[in-house]
file structure_20.csv (CSV, C-alpha atoms)
chain,number,residue,atom,x,y,z
E,1,MET,CA,64.3,103.2,84.5
E,2,SER,CA,67.1,104.2,82.2
E,3,ASP,CA,70.6,102.6,82.1
E,4,ALA,CA,72.0,105.9,83.3
E,5,ALA,CA,69.7,106.0,86.3
E,6,GLU,CA,70.5,102.4,87.2
E,7,ALA,CA,74.2,103.2,87.0
E,8,GLU,CA,73.7,106.0,89.6
E,9,GLU,CA,72.2,103.5,92.1
E,10,VAL,CA,75.1,101.1,91.9
E,11,LEU,CA,78.7,102.5,91.8
E,12,VAL,CA,81.8,100.5,90.9
E,13,GLU,CA,85.4,101.5,91.5
E,14,VAL,CA,88.5,99.5,90.9
E,15,ASP,CA,91.9,100.2,92.5
E,16,GLY,CA,94.9,97.9,93.1
E,17,GLY,CA,93.2,94.7,92.2
E,18,VAL,CA,90.2,95.4,94.4
E,19,ALA,CA,86.8,96.4,93.2
E,20,VAL,CA,84.2,98.2,95.4
E,21,ILE,CA,80.5,97.9,94.6
E,22,THR,CA,78.4,100.5,96.4
E,23,ILE,CA,74.7,100.5,96.7
E,24,ASN,CA,73.9,104.2,96.2
E,25,ARG,CA,70.4,104.8,97.6
E,26,PRO,CA,71.2,106.4,100.9
E,27,ARG,CA,67.9,108.2,101.2
E,28,ALA,CA,66.1,104.9,101.0
E,29,ARG,CA,68.7,103.2,103.4
E,30,ASN,CA,70.0,101.5,100.3
E,31,ALA,CA,66.9,99.4,99.9
E,32,VAL,CA,67.3,97.0,97.0
E,33,ASN,CA,65.0,97.6,94.1
E,34,GLY,CA,65.1,96.3,90.6
E,35,ALA,CA,67.7,98.8,89.4
E,36,VAL,CA,70.1,97.9,92.3
E,37,ALA,CA,69.7,94.2,91.6
E,38,ARG,CA,70.4,94.6,87.9
E,39,GLY,CA,73.3,96.9,88.7
E,40,ILE,CA,74.9,94.5,91.1
E,41,ALA,CA,74.4,91.6,88.7
E,42,ALA,CA,76.0,93.5,85.8
E,43,ALA,CA,78.9,94.6,88.0
E,44,LEU,CA,79.6,91.0,89.1
E,45,ASP,CA,79.4,89.7,85.6
E,46,ASP,CA,82.0,92.3,84.5
E,47,LEU,CA,84.3,92.0,87.6
E,48,ASP,CA,84.4,88.2,87.5
E,49,GLU,CA,86.0,88.4,84.0
E,50,ARG,CA,88.4,91.3,84.6
E,51,SER,CA,92.0,90.3,85.0
E,52,ASP,CA,92.8,93.4,87.0
E,53,VAL,CA,90.4,92.4,89.8
E,54,SER,CA,91.1,89.7,92.4
E,55,ALA,CA,88.7,90.6,95.2
E,56,ILE,CA,85.4,92.5,95.5
E,57,VAL,CA,83.9,94.5,98.3
E,58,LEU,CA,80.2,95.2,98.6
E,59,THR,CA,79.1,98.2,100.7
E,60,GLY,CA,76.4,100.8,101.0
E,61,ALA,CA,76.5,104.6,100.7
E,62,GLY,CA,75.6,107.0,103.5
E,63,GLY,CA,76.4,104.9,106.5
E,64,THR,CA,74.0,102.1,105.9
E,65,PHE,CA,74.7,98.7,104.2
E,66,SER,CA,71.1,97.9,103.2
E,67,ALA,CA,67.7,97.9,104.9
E,68,GLY,CA,66.7,95.1,102.5
E,69,MET,CA,64.1,94.8,99.8
E,70,ASP,CA,62.4,98.1,98.7
E,71,LEU,CA,58.9,97.4,100.0
E,72,LYS,CA,57.4,100.3,98.1
E,73,GLY,CA,58.8,98.9,94.9
E,74,PHE,CA,57.5,95.5,95.9
E,75,LEU,CA,54.0,96.9,96.1
E,76,THR,CA,54.2,98.2,92.6
E,77,GLY,CA,55.7,95.0,91.1
E,78,ASP,CA,59.3,96.2,91.0
E,79,LEU,CA,61.0,93.0,92.1
E,80,PRO,CA,64.7,93.1,93.0
E,81,VAL,CA,65.5,89.8,91.4
E,82,VAL,CA,67.7,88.9,88.4
E,83,GLU,CA,67.2,85.7,86.6
E,84,GLY,CA,70.0,83.3,87.4
E,85,ARG,CA,71.4,85.4,90.2
E,86,GLY,CA,68.3,85.9,92.4
E,87,PHE,CA,67.7,88.7,94.9
E,88,GLY,CA,70.0,91.7,94.7
E,89,GLY,CA,71.6,90.1,91.6
E,90,LEU,CA,73.8,88.1,94.0
E,91,VAL,CA,72.4,85.6,96.5
E,92,GLU,CA,71.8,82.7,94.1
E,93,ALA,CA,75.1,83.1,92.2
E,94,PRO,CA,77.9,84.8,94.1
E,95,PRO,CA,81.0,85.7,92.0
E,96,ARG,CA,83.9,83.2,91.6
E,97,LYS,CA,86.2,85.8,93.1
E,98,PRO,CA,86.3,86.5,96.9
E,99,LEU,CA,83.5,88.8,98.0
E,100,LEU,CA,83.7,90.9,101.2
E,101,ALA,CA,80.9,92.8,102.8
E,102,ALA,CA,81.7,96.2,104.5
E,103,VAL,CA,78.7,96.8,106.8
E,104,GLU,CA,77.9,100.2,108.4
E,105,GLY,CA,74.5,100.8,110.0
E,106,TYR,CA,71.7,98.4,109.1
E,107,ALA,CA,72.1,95.1,107.3
E,108,LEU,CA,68.5,93.9,107.6
E,109,ALA,CA,66.3,91.4,105.8
E,110,GLY,CA,67.6,91.3,102.2
E,111,GLY,CA,70.5,93.4,103.3
E,112,PHE,CA,71.5,90.8,105.8
E,113,GLU,CA,71.0,88.1,103.1
E,114,LEU,CA,73.4,90.0,100.8
E,115,ALA,CA,76.0,90.0,103.6
E,116,LEU,CA,75.4,86.2,104.1
E,117,ALA,CA,76.1,85.7,100.4
E,118,CYS,CA,79.6,87.2,100.9
E,119,ASP,CA,82.7,85.3,101.9
E,120,ILE,CA,83.9,87.7,104.6
E,121,VAL,CA,82.1,90.2,106.7
E,122,VAL,CA,83.6,93.4,108.2
E,123,ALA,CA,81.3,95.4,110.3
E,124,SER,CA,81.3,98.7,112.2
E,125,GLU,CA,80.7,98.4,115.9
E,126,GLU,CA,77.5,100.3,115.3
E,127,ALA,CA,76.2,97.9,112.7
E,128,ARG,CA,73.0,96.0,113.3
E,129,PHE,CA,71.9,92.8,111.6
E,130,GLY,CA,68.5,91.1,111.5
E,131,LEU,CA,65.9,89.1,109.5
E,132,PRO,CA,62.7,91.1,110.3
E,133,GLU,CA,60.7,89.5,107.4
E,134,PRO,CA,58.2,87.8,109.8
E,135,LYS,CA,57.2,91.2,111.2
E,136,ARG,CA,56.0,92.1,107.7
E,137,GLY,CA,54.4,88.8,106.9
E,138,LEU,CA,57.3,87.7,104.8
E,139,VAL,CA,60.0,85.0,104.9
E,140,ALA,CA,63.8,85.5,104.5
E,141,GLY,CA,63.7,83.5,101.3
E,142,ALA,CA,66.8,85.1,99.7
E,143,GLY,CA,69.1,82.7,101.5
E,144,GLY,CA,68.7,84.0,105.0
E,145,VAL,CA,66.9,81.0,106.6
E,146,MET,CA,69.1,78.6,104.7
E,147,ARG,CA,72.6,80.2,105.1
E,148,LEU,CA,72.2,81.5,108.7
E,149,PRO,CA,72.0,78.1,110.5
E,150,ARG,CA,75.0,76.9,108.5
E,151,ARG,CA,77.1,79.9,109.7
E,152,ILE,CA,76.1,80.1,113.4
E,153,PRO,CA,74.7,77.6,116.0
E,154,TYR,CA,71.2,76.3,115.1
E,155,HIS,CA,69.3,77.7,118.2
E,156,VAL,CA,70.8,81.1,117.8
E,157,ALA,CA,69.9,81.2,114.1
E,158,MET,CA,66.4,80.2,115.0
E,159,GLU,CA,66.2,83.0,117.5
E,160,ILE,CA,67.4,85.6,115.0
E,161,ALA,CA,65.1,84.3,112.2
E,162,LEU,CA,61.9,83.9,114.4
E,163,THR,CA,62.1,87.0,116.5
E,164,GLY,CA,63.0,89.3,113.6
E,165,ASP,CA,64.9,91.5,116.1
E,166,HIS,CA,68.1,93.4,115.5
E,167,TYR,CA,71.5,92.1,116.7
E,168,PRO,CA,74.7,94.0,117.1
E,169,ALA,CA,77.9,93.3,115.2
E,170,SER,CA,79.6,92.4,118.5
E,171,ARG,CA,77.2,89.5,119.0
E,172,LEU,CA,77.7,88.2,115.5
E,173,TYR,CA,81.4,88.5,115.9
E,174,GLU,CA,81.2,86.3,119.0
E,175,LEU,CA,79.3,83.8,116.9
E,176,GLY,CA,81.9,83.8,114.1
E,177,LEU,CA,79.7,85.3,111.4
E,178,VAL,CA,81.4,88.7,111.4
E,179,ASN,CA,85.2,88.5,110.8
E,180,ARG,CA,86.2,91.8,112.1
E,181,VAL,CA,84.6,94.7,114.0
E,182,THR,CA,85.9,98.2,113.3
E,183,PRO,CA,85.2,101.6,114.9
E,184,ALA,CA,82.2,103.5,113.5
E,185,GLY,CA,82.8,104.5,110.0
E,186,GLY,CA,85.7,102.1,109.5
E,187,ALA,CA,84.1,99.1,108.0
E,188,LEU,CA,85.0,99.9,104.4
E,189,GLU,CA,88.6,100.6,105.1
E,190,GLY,CA,88.8,97.5,107.2
E,191,ALA,CA,87.3,95.4,104.4
E,192,LEU,CA,89.6,97.1,101.9
E,193,GLY,CA,92.6,96.1,104.0
E,194,LEU,CA,91.6,92.5,104.0
E,195,ALA,CA,90.7,92.6,100.3
E,196,ARG,CA,94.1,94.0,99.4
E,197,THR,CA,95.8,91.2,101.4
E,198,ILE,CA,93.7,88.7,99.4
E,199,ALA,CA,94.3,90.4,96.1
E,200,ALA,CA,98.0,90.1,96.6
E,201,ASN,CA,97.7,86.4,96.1
E,202,ALA,CA,97.4,84.4,92.8
E,203,PRO,CA,94.0,84.8,91.2
E,204,LEU,CA,93.6,81.2,90.0
E,205,ALA,CA,94.5,79.9,93.5
E,206,LEU,CA,92.0,82.3,95.1
E,207,ALA,CA,89.2,81.2,92.8
E,208,ALA,CA,90.0,77.5,93.2
E,209,THR,CA,90.2,77.8,97.0
E,210,LYS,CA,86.9,79.5,97.3
E,211,ARG,CA,85.2,77.0,95.0
E,212,VAL,CA,86.5,74.0,96.9
E,213,MET,CA,85.5,75.5,100.3
E,214,ILE,CA,82.0,76.1,99.1
E,215,GLU,CA,81.4,73.0,96.9
E,216,SER,CA,83.0,70.5,99.3
E,217,ALA,CA,80.2,70.8,101.8
E,218,ASP,CA,78.2,68.5,99.6
E,219,TRP,CA,80.9,66.0,98.8
E,220,SER,CA,81.0,62.5,100.2
E,221,ARG,CA,84.1,61.1,101.9
E,222,ASP,CA,84.8,58.9,98.8
E,223,GLU,CA,84.6,61.7,96.3
E,224,MET,CA,86.3,64.5,98.3
E,225,PHE,CA,89.8,64.3,97.0
E,226,ARG,CA,88.8,63.3,93.5
E,227,LYS,CA,86.5,66.4,93.1
E,228,GLN,CA,89.1,68.6,94.8
E,229,GLY,CA,91.7,67.4,92.3
E,230,GLU,CA,89.5,68.3,89.4
E,231,ILE,CA,89.5,71.9,90.6
E,232,VAL,CA,93.0,72.4,92.0
E,233,ASN,CA,95.2,70.3,89.8
E,234,PRO,CA,95.1,72.8,86.9
E,235,VAL,CA,96.3,75.4,89.4
E,236,PHE,CA,99.4,73.4,90.2
E,237,GLY,CA,100.2,73.3,86.5
E,238,SER,CA,99.6,77.0,85.9
E,239,LYS,CA,102.1,79.6,84.9
E,240,ASP,CA,101.3,81.4,88.2
E,241,ALA,CA,102.3,78.3,90.2
E,242,MET,CA,105.7,78.4,88.5
E,243,GLU,CA,105.9,82.2,89.1
E,244,GLY,CA,105.1,81.7,92.7
E,245,ALA,CA,107.9,79.2,93.2
E,246,ALA,CA,110.4,81.3,91.2
E,247,ALA,CA,109.5,84.5,93.1
E,248,PHE,CA,110.1,82.6,96.4
E,249,ALA,CA,113.5,81.3,95.2
E,250,GLU,CA,114.5,84.7,93.9
E,251,LYS,CA,113.2,86.5,97.0
E,252,ARG,CA,111.0,88.9,95.1
E,253,ALA,CA,107.3,89.7,94.8
E,254,PRO,CA,105.5,87.5,92.3
E,255,VAL,CA,103.9,89.0,89.2
E,256,TRP,CA,100.6,87.1,88.7
E,257,LYS,CA,99.1,86.6,85.2
E,258,GLY,CA,96.0,84.6,86.1
E,259,GLU,CA,97.3,81.9,83.7

call {"tool": "encode", "arguments": {"input": "structure_20.csv", "output": "structure tokens"}}
result
Amino acid sequence: MSDAAEAEEVLVEVDGGVAVITINRPRARNAVNGAVARGIAAALDDLDERSDVSAIVLTGAGGTFSAGMDLKGFLTGDLPVVEGRGFGGLVEAPPRKPLLAAVEGYALAGGFELALACDIVVASEEARFGLPEPKRGLVAGAGGVMRLPRRIPYHVAMEIALTGDHYPASRLYELGLVNRVTPAGGALEGALGLARTIAANAPLALAATKRVMIESADWSRDEMFRKQGEIVNPVFGSKDAMEGAAAFAEKRAPVWKGE
């Protein structure tokens, strides 16, 4: 597939410090093929380095987040995996910057796993989540069976993973996996509202905060503050830290430089 064709399957827009990555295969319920995986990976590589982007939203076109791996492509050897980033160009190496999922319609199988790789999930009241891989002789190996029991109670995660059934956004909101539930059609705007709030903060502080929250899960009690210090101490000595204090004292909005 040509670069131009791949570009049509993953759209990227940037506005006001927030980037939106849209999986653009609505006729296929935004099933993830090789082109989508490469497109997402390329977008994340670019956006992680851009100084004008502080938060990223992942969504799908046409009222569906993603129905998962493109099984037709799978049968022909078109695997939606990018070396170093895994399925969908995302699940094994999420971006350093905050990543939000805006979920309408279905987030199933690999689509659910993409959402699980995000830091925040905003979903429409009509959204449905599930890991139906066992119904197709497969396993949710793109992070689903590892991340899900770390996000919700063990027995509920087992039910979702073993039944392969669909679950409404309201149930996952009750379990704490979905941050906010919006009216139908409102997931993207809801996610953008949160993303804009996040993007108003200092970019170095955001990246360090996310890194500590993720990496500290594996730290021992004895190494917790030492390892945290290695990440956060440079932030306290940054120009942005001085700008934040000055802006507070001068009662004005800070102007972040990412330095």

call {"tool": "closest_residue", "arguments": {"input": "structure_20.csv", "among": "E:Gly111, E:Ala101, E:Leu47, E:Glu215", "to": "Asp70 of chain E", "atoms": "all atoms listed in the file"}}
result
E:Gly111

call {"tool": "residues_around", "arguments": {"input": "structure_20.csv", "residues": "Arg180 of chain E", "least_positions_apart": "3", "cutoff": "7 Å", "atoms": "all atoms listed in the file", "output": "list in words"}}
result
Val121, Val122, Ala123 and Tyr173 of chain E

call {"tool": "closest_residue", "arguments": {"input": "structure_20.csv", "among": "E:Tyr154, E:Ile56, E:Glu92, E:Met242", "to": "Trp256 of chain E", "atoms": "all atoms listed in the file"}}
result
E:Met242

call {"tool": "atom_distance", "arguments": {"input": "structure_20.csv", "atom1": "atom CA of Val232 of chain E", "atom2": "atom CA of Met213 of chain E"}}
result
11.6 Å

call {"tool": "closest_residue", "arguments": {"input": "structure_20.csv", "among": "E:Ile152, E:Leu177, E:Leu44, E:Leu108", "to": "Arg29 of chain E", "atoms": "all atoms listed in the file"}}
result
E:Leu108

call {"tool": "closest_atom_pairs", "arguments": {"input": "structure_20.csv", "of": "segment 76-146 of chain E", "to": "segment 155-161 of chain E", "cutoff": "7 Å", "atoms": "all atoms listed in the file", "output": "CSV"}}
result
residue,atom,partner,partner_atom,distance
E:Gly130,CA,E:Ile160,CA,6.6
E:Leu131,CA,E:Ala161,CA,5.6
E:Val145,CA,E:Ala161,CA,6.7
